[in-house]
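Dropping run-v6.csv in here (CSV, C-alpha atoms and all ligand atoms):
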```
chain,number,residue,atom,x,y,z
A,1,MET,CA,0.0,0.0,0.0
A,2,SER,CA,1.2,3.5,-0.7
A,3,ILE,CA,1.4,6.3,1.8
A,4,ARG,CA,-1.5,8.0,0.1
A,5,ALA,CA,-3.7,4.9,0.2
A,6,ASN,CA,-2.8,4.3,3.9
A,7,LEU,CA,-3.7,7.9,4.8
A,8,LEU,CA,-7.0,7.7,2.9
A,9,ALA,CA,-7.9,4.5,4.7
A,10,ILE,CA,-7.1,5.9,8.1
A,11,GLN,CA,-8.9,9.2,7.3
A,12,ALA,CA,-11.9,7.2,6.3
A,13,ARG,CA,-12.0,5.3,9.6
A,14,LEU,CA,-11.8,8.7,11.5
A,15,GLU,CA,-14.5,10.3,9.5
A,16,GLY,CA,-17.5,11.2,11.7
A,17,THR,CA,-15.5,10.7,14.9
A,18,SER,CA,-14.0,13.4,17.2
A,19,ALA,CA,-10.4,12.4,16.2
A,20,LYS,CA,-7.8,14.2,14.1
A,21,LEU,CA,-4.8,12.4,12.6
A,22,ILE,CA,-1.2,13.2,13.5
A,23,ALA,CA,1.2,11.4,11.1
A,24,VAL,CA,4.1,10.2,13.2
A,25,THR,CA,7.1,10.7,10.9
A,26,LYS,CA,10.0,9.9,13.2
A,27,THR,CA,13.0,8.1,11.5
A,28,HIS,CA,11.6,8.8,8.0
A,29,PRO,CA,13.5,11.2,5.7
A,30,PRO,CA,12.0,14.5,4.4
A,31,ASP,CA,11.0,13.1,1.0
A,32,VAL,CA,8.7,10.6,2.7
A,33,LEU,CA,7.1,13.4,4.7
A,34,LEU,CA,6.7,15.4,1.5
A,35,GLU,CA,4.9,12.4,0.0
A,36,ALA,CA,2.4,12.5,2.9
A,37,TYR,CA,2.2,16.3,2.6
A,38,GLN,CA,1.3,16.0,-1.1
A,39,ALA,CA,-1.4,13.5,-0.2
A,40,GLY,CA,-2.9,16.2,2.0
A,41,CYS,CA,-1.5,15.5,5.4
A,42,LYS,CA,-0.1,18.6,7.1
A,43,THR,CA,0.3,17.6,10.8
A,44,PHE,CA,3.4,15.7,11.7
A,45,GLY,CA,4.6,14.2,15.0
A,46,GLU,CA,8.2,13.8,15.8
A,47,ASN,CA,9.8,12.4,19.0
A,48,LYS,CA,13.2,14.0,18.8
A,49,VAL,CA,14.0,17.7,18.8
A,50,GLN,CA,17.0,17.6,16.5
A,51,GLU,CA,15.2,15.5,13.9
A,52,MET,CA,12.1,17.7,14.0
A,53,VAL,CA,14.2,20.9,13.6
A,54,SER,CA,16.1,19.6,10.6
A,55,LYS,CA,12.9,18.5,8.9
A,56,TYR,CA,11.2,21.8,9.7
A,57,GLU,CA,14.0,23.6,8.0
A,58,VAL,CA,13.6,21.8,4.6
A,59,LEU,CA,9.9,21.3,4.4
A,60,PRO,CA,6.9,23.6,3.5
A,61,LYS,CA,6.1,26.2,6.2
A,62,ASP,CA,2.4,25.4,6.5
A,63,ILE,CA,3.1,22.1,8.2
A,64,GLU,CA,2.1,21.8,11.9
A,65,TRP,CA,4.8,20.2,14.0
A,66,HIS,CA,3.9,18.2,17.1
A,67,LEU,CA,6.5,17.1,19.6
A,68,ILE,CA,5.3,13.7,20.9
A,69,GLY,CA,8.5,12.4,22.6
A,70,HIS,CA,10.1,13.2,25.9
A,71,LEU,CA,11.4,16.8,26.0
A,72,GLN,CA,14.5,17.9,27.9
A,73,THR,CA,14.4,21.5,29.2
A,74,ASN,CA,17.7,22.4,27.5
A,75,LYS,CA,16.2,21.6,24.1
A,76,VAL,CA,13.0,23.6,24.3
A,77,LYS,CA,14.7,26.6,22.8
A,78,TYR,CA,15.2,24.8,19.4
A,79,ILE,CA,11.5,24.1,18.8
A,80,ALA,CA,10.0,27.2,20.5
A,81,PRO,CA,9.9,29.3,17.3
A,82,PHE,CA,7.7,26.9,15.4
A,83,VAL,CA,6.2,23.9,17.3
A,84,SER,CA,2.4,23.9,17.3
A,85,LEU,CA,1.7,21.4,20.1
A,86,ILE,CA,3.9,19.7,22.7
A,87,HIS,CA,2.2,16.4,23.7
A,88,SER,CA,4.7,15.3,26.3
A,89,VAL,CA,4.8,17.9,29.1
A,90,ASP,CA,5.4,16.1,32.4
A,91,SER,CA,6.7,18.7,34.9
A,92,LEU,CA,6.2,22.3,36.0
A,93,LYS,CA,9.8,22.9,35.4
A,94,LEU,CA,9.4,22.0,31.8
A,95,LEU,CA,6.3,24.2,31.5
A,96,GLN,CA,8.2,27.1,32.9
A,97,GLU,CA,11.0,26.7,30.4
A,98,ILE,CA,8.5,26.4,27.5
A,99,ASP,CA,6.8,29.6,28.8
A,100,LYS,CA,10.2,31.4,28.9
A,101,GLN,CA,11.2,30.3,25.4
A,102,ALA,CA,7.7,31.0,24.0
A,103,ALA,CA,7.9,34.6,25.4
A,104,LYS,CA,11.3,35.1,23.7
A,105,ASN,CA,9.6,34.2,20.5
A,106,GLN,CA,6.5,36.2,21.2
A,107,ARG,CA,4.3,33.2,21.0
A,108,ILE,CA,1.9,31.1,23.1
A,109,ILE,CA,2.7,27.4,22.9
A,110,ASP,CA,0.0,24.9,23.3
A,111,CYS,CA,0.9,21.9,25.5
A,112,LEU,CA,-0.6,18.6,26.6
A,113,LEU,CA,0.1,17.1,30.0
A,114,GLN,CA,1.4,13.5,29.5
A,115,ILE,CA,-0.3,11.1,31.9
A,116,TYR,CA,1.1,7.7,32.9
A,117,ILE,CA,-1.6,5.1,32.2
A,118,ALA,CA,0.3,2.0,31.2
A,119,GLN,CA,1.3,-0.8,33.5
A,120,GLU,CA,4.9,-0.5,32.4
A,121,GLU,CA,8.0,1.0,34.0
A,122,THR,CA,9.4,2.7,30.9
A,123,LYS,CA,6.7,5.3,30.0
A,124,PHE,CA,7.1,8.9,31.0
A,125,GLY,CA,4.2,10.9,32.4
A,126,LEU,CA,2.4,12.2,35.5
A,127,SER,CA,0.2,10.2,37.9
A,128,ALA,CA,-3.3,11.5,38.6
A,129,ASP,CA,-2.1,13.0,41.9
A,130,GLU,CA,0.9,14.7,40.2
A,131,LEU,CA,-1.5,16.1,37.6
A,132,MET,CA,-3.7,17.6,40.3
A,133,ASP,CA,-0.7,19.1,42.1
A,134,LEU,CA,0.5,20.7,38.8
A,135,LEU,CA,-3.0,22.1,38.0
A,136,ARG,CA,-3.2,23.6,41.5
A,137,SER,CA,0.3,25.0,41.5
A,138,PRO,CA,0.4,28.8,42.3
A,139,GLU,CA,3.0,29.1,39.5
A,140,LEU,CA,0.8,27.8,36.8
A,141,PRO,CA,-1.4,30.9,36.4
A,142,THR,CA,1.7,33.1,36.1
A,143,LEU,CA,2.8,31.4,32.8
A,144,GLN,CA,1.4,33.7,30.1
A,145,HIS,CA,3.0,32.1,27.1
A,146,ILE,CA,1.8,28.6,27.4
A,147,ARG,CA,-1.7,27.1,27.2
A,148,ILE,CA,-2.6,23.7,28.5
A,149,VAL,CA,-5.1,22.3,26.0
A,150,GLY,CA,-5.5,18.7,27.2
A,151,LEU,CA,-3.9,15.4,28.2
A,152,MET,CA,-1.9,12.7,26.4
A,153,GLY,CA,-1.3,9.1,27.3
A,154,MET,CA,0.1,5.9,25.9
A,155,ALA,CA,-1.5,2.5,26.6
A,156,SER,CA,0.6,-0.5,27.6
A,157,PHE,CA,2.5,-2.4,24.8
A,158,THR,CA,0.3,-5.5,24.9
A,159,ASP,CA,-2.2,-7.2,22.6
A,160,ASN,CA,-4.7,-7.4,25.5
A,161,VAL,CA,-7.4,-5.3,24.0
A,162,GLU,CA,-9.4,-5.1,27.2
A,163,GLN,CA,-6.4,-3.8,29.1
A,164,ILE,CA,-5.7,-1.1,26.5
A,165,ARG,CA,-9.4,-0.1,26.5
A,166,ALA,CA,-9.4,0.1,30.3
A,167,GLU,CA,-6.3,2.3,30.2
A,168,PHE,CA,-7.9,4.7,27.7
A,169,LYS,CA,-11.1,4.8,29.8
A,170,THR,CA,-9.0,5.7,32.8
A,171,LEU,CA,-7.4,8.6,30.9
A,172,LYS,CA,-10.8,9.8,29.5
A,173,THR,CA,-12.3,9.7,33.0
A,174,LEU,CA,-9.5,11.8,34.4
A,175,PHE,CA,-9.8,14.2,31.5
A,176,GLU,CA,-13.5,14.7,32.3
A,177,GLN,CA,-12.8,15.2,36.0
A,178,VAL,CA,-10.1,17.8,35.5
A,179,LYS,CA,-12.2,19.7,33.1
A,180,LEU,CA,-14.7,20.3,35.9
A,181,LEU,CA,-12.0,21.8,38.2
A,182,PRO,CA,-11.6,25.6,38.6
A,183,LEU,CA,-8.6,26.1,36.4
A,184,PRO,CA,-6.5,29.1,35.6
A,185,ALA,CA,-7.1,31.1,32.4
A,186,ASN,CA,-4.2,29.4,30.6
A,187,CYS,CA,-5.9,26.0,30.8
A,188,TYR,CA,-8.5,25.2,28.2
A,189,LEU,CA,-8.8,21.4,28.2
A,190,HIS,CA,-10.3,20.1,25.0
A,191,GLU,CA,-7.8,17.7,23.4
A,192,LEU,CA,-7.2,14.1,24.4
A,193,SER,CA,-4.2,12.6,22.6
A,194,MET,CA,-4.4,8.8,22.7
A,195,GLY,CA,-4.0,6.0,20.2
A,196,MET,CA,-1.2,4.8,17.9
A,197,SER,CA,-1.2,2.4,14.9
A,198,SER,CA,-2.1,-0.7,16.9
A,199,ASP,CA,-4.7,0.8,19.1
A,200,TYR,CA,-6.2,4.0,17.6
A,201,PRO,CA,-9.6,2.5,16.7
A,202,ILE,CA,-10.0,1.7,20.4
A,203,ALA,CA,-8.8,5.1,21.5
A,204,VAL,CA,-11.2,6.8,19.2
A,205,GLN,CA,-14.1,4.7,20.6
A,206,GLU,CA,-12.9,5.9,24.1
A,207,GLY,CA,-13.0,9.6,23.1
A,208,SER,CA,-9.6,10.4,21.6
A,209,THR,CA,-9.4,13.7,19.7
A,210,LEU,CA,-5.8,13.3,18.4
A,211,VAL,CA,-4.4,10.0,17.2
A,212,ARG,CA,-0.7,9.6,16.7
A,213,VAL,CA,-0.2,7.1,13.9
A,214,GLY,CA,3.2,6.2,12.3
A,215,SER,CA,3.7,2.7,11.1
A,216,ALA,CA,0.2,2.2,9.8
A,217,ILE,CA,1.0,5.1,7.3
A,218,PHE,CA,4.7,4.7,6.6
A,219,GLY,CA,5.3,1.0,7.3
A,220,TYR,CA,7.5,-0.4,10.0
A,221,ARG,CA,10.5,1.7,11.1
A,222,THR,CA,14.0,0.2,10.7
B,1,LIG,C1,6.3,6.4,17.7
B,1,LIG,C2,5.2,7.0,18.5
B,1,LIG,C3,3.8,6.9,18.0
B,1,LIG,C4,3.4,6.1,16.7
B,1,LIG,O1,3.7,4.8,16.8
B,1,LIG,P1,3.2,3.8,15.7
B,1,LIG,O2,3.0,2.5,16.4
B,1,LIG,O3,4.2,3.7,14.6
B,1,LIG,O4,1.9,4.3,15.2
B,1,LIG,C5,2.9,7.5,18.8
B,1,LIG,N1,3.1,8.1,19.9
B,1,LIG,C6,4.4,8.3,20.4
B,1,LIG,C7,4.6,9.0,21.6
B,1,LIG,C8,5.4,7.7,19.7
B,1,LIG,O5,6.7,7.8,20.1
```
I need this file expressed as structure tokens, please.
Amino acid sequence: MSIRANLLAIQARLEGTSAKLIAVTKTHPPDVLLEAYQAGCKTFGENKVQEMVSKYEVLPKDIEWHLIGHLQTNKVKYIAPFVSLIHSVDSLKLLQEIDKQAAKNQRIIDCLLQIYIAQEETKFGLSADELMDLLRSPELPTLQHIRIVGLMGMASFTDNVEQIRAEFKTLKTLFEQVKLLPLPANCYLHELSMGMSSDYPIAVQEGSTLVRVGSAIFGYRT
């Protein structure tokens, strides 16, 4: 199957749902991204800062770049001029740095808070308690160059569909709970980033608004 055919098939499955597609382009060279772009896909997700910057530099400027991988504070400055959404914010310290770099670029950067939902040791993210602490932090309302627009999570790497579904349900429930809290003006929670190639149909059933799909579009990464 071609990239175009894969994109069309996924878009067809998402039609009529609440979910938007983010094409995860990590490890693929710019000409592969250009092929997706020419097929109408203009939102790309990358997990490494350097890789995202070098692709940004050579590709059309109307592409929306989403950072989906773990972000170190010392690298925020490289993506601050152009990133449209950071999915992987997991500390106040990182938010403060994003705010500072966004201010330097006279921008407001949209962020998602990454929540730990998997039963695995390796995944980054906040627990529900840590999320509450962050949202109640007196520092948060002072950050005028970031906006928290939702939550992100990754299900366990398993083929147990019921476990995956339960993890997505947990995240959706948490999302609905925090939306009811009195939140500062820089929080407008409406995006729920969940679902990858293997589990996005389940994520969409459970209320995802952003699916991050790589291998189902571009084939397996080497
Ligand atoms: C790589 C990656 C994806 C996409 O994975 P696929 O299985 O190729 O669809 C989604 N989210 C994150 C955070 C990733 O790192």
### Message
Give me, as a ChimeraX atom specification, all polymer residues having an atom no more than 10 Å from Val58 (chain A), counting only C-alpha atoms and skipping those fewer than 6 positions away in the same chain.
### Response
/A:30-31,34
Restricted to C-alpha atoms, what would the selected residues look like written as a PDB file, keeping the file's coordinate frame?
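Result written to again-v3.pdb:
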```pdb
ATOM      1  CA  PRO A  30      12.000  14.500   4.400  1.00  0.00           C
ATOM      2  CA  ASP A  31      11.000  13.100   1.000  1.00  0.00           C
ATOM      3  CA  LEU A  34       6.700  15.400   1.500  1.00  0.00           C
TER       4      LEU A  34
END
```
### Query
Pick from A:Thr173, A:Ser197, A:Asn6, A:Gln72: nearest to ligand LIG 1 (chain B), with all atoms listed in the file counted?
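Selected residue with least distance to ligand LIG 1 (chain B): A:Ser197.
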#### Entry: Neighbour residues at most 8 Å from (1.1, 2.0, 25.9) (all atoms listed in the file) as a list in words
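The answer, in the requested form, is Ile117, Ala118, Glu120, Lys123, Gly153, Met154, Ala155, Ser156, Phe157, Thr158 and Ile164 of chain A.
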Go ahead and write the selection's residues with C-alpha atoms as a PDB file, in the coordinates of the input.
```
ATOM      1  CA  ILE A 117      -1.600   5.100  32.200  1.00  0.00           C
ATOM      2  CA  ALA A 118       0.300   2.000  31.200  1.00  0.00           C
ATOM      3  CA  GLU A 120       4.900  -0.500  32.400  1.00  0.00           C
ATOM      4  CA  LYS A 123       6.700   5.300  30.000  1.00  0.00           C
ATOM      5  CA  GLY A 153      -1.300   9.100  27.300  1.00  0.00           C
ATOM      6  CA  MET A 154       0.100   5.900  25.900  1.00  0.00           C
ATOM      7  CA  ALA A 155      -1.500   2.500  26.600  1.00  0.00           C
ATOM      8  CA  SER A 156       0.600  -0.500  27.600  1.00  0.00           C
ATOM      9  CA  PHE A 157       2.500  -2.400  24.800  1.00  0.00           C
ATOM     10  CA  THR A 158       0.300  -5.500  24.900  1.00  0.00           C
ATOM     11  CA  ILE A 164      -5.700  -1.100  26.500  1.00  0.00           C
TER      12      ILE A 164
END
```
### Task
Name each residue within 6 Å of ligand LIG 1 (chain B), counting only C-alpha atoms and all ligand atoms, as a VMD selection string.
chain A and resid 24 47 68 to 69 196 to 197 212 to 215
### Option closest in space to His66 (chain A), from A:Asp90, A:Asp99, A:Glu130, A:Asp110 [counting all atoms listed in the file]
A:Asp110
## Note on the structure
Among A:Leu94, A:Val53, A:Leu131, A:Ile108, His70 (chain A) is approached most closely, using all atoms listed in the file, by A:Leu94
### Task
State, in Å with one decimal place, the distance from CA of Leu113 (chain A) to CA of Leu151 (chain A).
4.7 Å
### Query
Between A:Ala166, A:Ala203, A:Leu210, A:Leu33, which has the minimum distance to Gln119 (chain A) (counting all atoms listed in the file)?
A:Ala166
### Message
One number please: CA of Leu180 (chain A) to CA of Leu140 (chain A), in Å, one decimal.
### Response
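For CA of Leu180 (chain A) relative to CA of Leu140 (chain A), the distance reads 17.2 Å.
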### Task
Go through A:Glu57, A:Glu167, A:Asp133, A:Glu191 one by one, measure the shortest atom-to-atom distance of each to Ser18 (chain A) using only C-alpha atoms, and give the residue with the smallest value.
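Comparing A:Glu57, A:Glu167, A:Asp133, A:Glu191 against Ser18 (chain A), the winner is A:Glu191.
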### Query
Hey, can you check how far CA of Gly150 (chain A) sits from CA of Lys100 (chain A)?
20.3 Å
### Selected residue, from A:Arg136, A:Lys169, A:Lys20, A:Lys75, that lies nearest to Leu183 (chain A) when counting only C-alpha atoms
A:Arg136
### Task
Using only C-alpha atoms, collect all residues at a distance of at most 8 Å from (1.1, 27.6, 23.8) as written in the file, then present them as a list of chain:residue names.
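Counting only C-alpha atoms, I find these residues within 8 Å of (1.1, 27.6, 23.8): A:Ser84, A:Leu85, A:Asp99, A:Ala102, A:Arg107, A:Ile108, A:Ile109, A:Asp110, A:Cys111, A:His145, A:Ile146, A:Arg147, A:Ile148.
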### Task
Mind checking which residues fall within 9 Å of Ile10 (chain A), counting all atoms listed in the file, ignoring those fewer than 5 positions away in the same chain, and posting them as a PyMOL selection string?
chain A and resi 5+15+21+216-217
Missing atoms in region 197-208 of chain A: can you complete it with all heavy atoms, as an mmCIF file, in the frame of the given file?
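Ended up saving to result.cif:
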```
data_model
loop_
_atom_site.group_PDB
_atom_site.id
_atom_site.type_symbol
_atom_site.label_atom_id
_atom_site.label_comp_id
_atom_site.auth_asym_id
_atom_site.auth_seq_id
_atom_site.Cartn_x
_atom_site.Cartn_y
_atom_site.Cartn_z
ATOM 1 N N SER A 197 -0.765 3.333 15.979
ATOM 2 C CA SER A 197 -1.200 2.400 14.900
ATOM 3 C C SER A 197 -1.960 1.224 15.379
ATOM 4 O O SER A 197 -2.982 0.858 14.799
ATOM 5 C CB SER A 197 0.068 1.934 14.129
ATOM 6 O OG SER A 197 0.642 3.007 13.433
ATOM 7 N N SER A 198 -1.486 0.607 16.436
ATOM 8 C CA SER A 198 -2.100 -0.700 16.900
ATOM 9 C C SER A 198 -3.373 -0.495 17.649
ATOM 10 O O SER A 198 -4.162 -1.426 17.742
ATOM 11 C CB SER A 198 -1.074 -1.440 17.707
ATOM 12 O OG SER A 198 -0.697 -0.628 18.805
ATOM 13 N N ASP A 199 -3.586 0.694 18.219
ATOM 14 C CA ASP A 199 -4.700 0.800 19.100
ATOM 15 C C ASP A 199 -5.614 2.043 18.859
ATOM 16 O O ASP A 199 -6.526 2.316 19.633
ATOM 17 C CB ASP A 199 -4.280 0.771 20.592
ATOM 18 C CG ASP A 199 -3.239 1.834 20.931
ATOM 19 O OD1 ASP A 199 -3.154 2.837 20.191
ATOM 20 O OD2 ASP A 199 -2.524 1.660 21.933
ATOM 21 N N TYR A 200 -5.381 2.759 17.757
ATOM 22 C CA TYR A 200 -6.200 4.000 17.600
ATOM 23 C C TYR A 200 -7.670 3.768 17.429
ATOM 24 O O TYR A 200 -8.457 4.593 17.917
ATOM 25 C CB TYR A 200 -5.570 4.899 16.476
ATOM 26 C CG TYR A 200 -5.915 4.500 15.069
ATOM 27 C CD1 TYR A 200 -7.084 4.943 14.457
ATOM 28 C CD2 TYR A 200 -5.064 3.676 14.336
ATOM 29 C CE1 TYR A 200 -7.399 4.556 13.167
ATOM 30 C CE2 TYR A 200 -5.377 3.276 13.054
ATOM 31 C CZ TYR A 200 -6.550 3.717 12.473
ATOM 32 O OH TYR A 200 -6.861 3.327 11.200
ATOM 33 N N PRO A 201 -8.124 2.648 16.805
ATOM 34 C CA PRO A 201 -9.600 2.500 16.700
ATOM 35 C C PRO A 201 -10.220 2.389 18.142
ATOM 36 O O PRO A 201 -11.307 2.928 18.364
ATOM 37 C CB PRO A 201 -9.764 1.200 15.939
ATOM 38 C CG PRO A 201 -8.515 1.112 15.103
ATOM 39 C CD PRO A 201 -7.428 1.601 16.025
ATOM 40 N N ILE A 202 -9.517 1.748 19.065
ATOM 41 C CA ILE A 202 -10.000 1.700 20.400
ATOM 42 C C ILE A 202 -9.999 3.043 21.088
ATOM 43 O O ILE A 202 -10.958 3.464 21.737
ATOM 44 C CB ILE A 202 -9.161 0.684 21.303
ATOM 45 C CG1 ILE A 202 -9.009 -0.671 20.617
ATOM 46 C CG2 ILE A 202 -9.754 0.518 22.705
ATOM 47 C CD1 ILE A 202 -8.021 -1.596 21.326
ATOM 48 N N ALA A 203 -8.884 3.760 20.892
ATOM 49 C CA ALA A 203 -8.800 5.100 21.500
ATOM 50 C C ALA A 203 -9.871 6.016 21.006
ATOM 51 O O ALA A 203 -10.422 6.795 21.785
ATOM 52 C CB ALA A 203 -7.382 5.679 21.140
ATOM 53 N N VAL A 204 -10.199 5.925 19.732
ATOM 54 C CA VAL A 204 -11.200 6.800 19.200
ATOM 55 C C VAL A 204 -12.597 6.433 19.807
ATOM 56 O O VAL A 204 -13.363 7.323 20.195
ATOM 57 C CB VAL A 204 -11.288 6.671 17.633
ATOM 58 C CG1 VAL A 204 -12.515 7.363 17.061
ATOM 59 C CG2 VAL A 204 -10.012 7.266 17.037
ATOM 60 N N GLN A 205 -12.860 5.139 19.966
ATOM 61 C CA GLN A 205 -14.100 4.700 20.600
ATOM 62 C C GLN A 205 -14.164 5.285 22.060
ATOM 63 O O GLN A 205 -15.233 5.574 22.588
ATOM 64 C CB GLN A 205 -14.218 3.207 20.709
ATOM 65 C CG GLN A 205 -14.548 2.568 19.378
ATOM 66 C CD GLN A 205 -14.424 1.044 19.421
ATOM 67 O OE1 GLN A 205 -13.932 0.459 20.392
ATOM 68 N NE2 GLN A 205 -14.868 0.403 18.357
ATOM 69 N N GLU A 206 -12.995 5.437 22.687
ATOM 70 C CA GLU A 206 -12.900 5.900 24.100
ATOM 71 C C GLU A 206 -12.800 7.422 24.190
ATOM 72 O O GLU A 206 -12.554 7.941 25.263
ATOM 73 C CB GLU A 206 -11.831 5.182 24.835
ATOM 74 C CG GLU A 206 -12.017 3.662 24.910
ATOM 75 C CD GLU A 206 -13.389 3.225 25.462
ATOM 76 O OE1 GLU A 206 -13.952 3.942 26.314
ATOM 77 O OE2 GLU A 206 -13.899 2.172 25.019
ATOM 78 N N GLY A 207 -12.900 8.129 23.062
ATOM 79 C CA GLY A 207 -13.000 9.600 23.100
ATOM 80 C C GLY A 207 -11.733 10.361 22.743
ATOM 81 O O GLY A 207 -11.633 11.559 23.009
ATOM 82 N N SER A 208 -10.788 9.716 22.089
ATOM 83 C CA SER A 208 -9.600 10.400 21.600
ATOM 84 C C SER A 208 -9.953 11.553 20.663
ATOM 85 O O SER A 208 -10.877 11.419 19.856
ATOM 86 C CB SER A 208 -8.643 9.451 20.920
ATOM 87 O OG SER A 208 -7.567 10.141 20.342
#
```
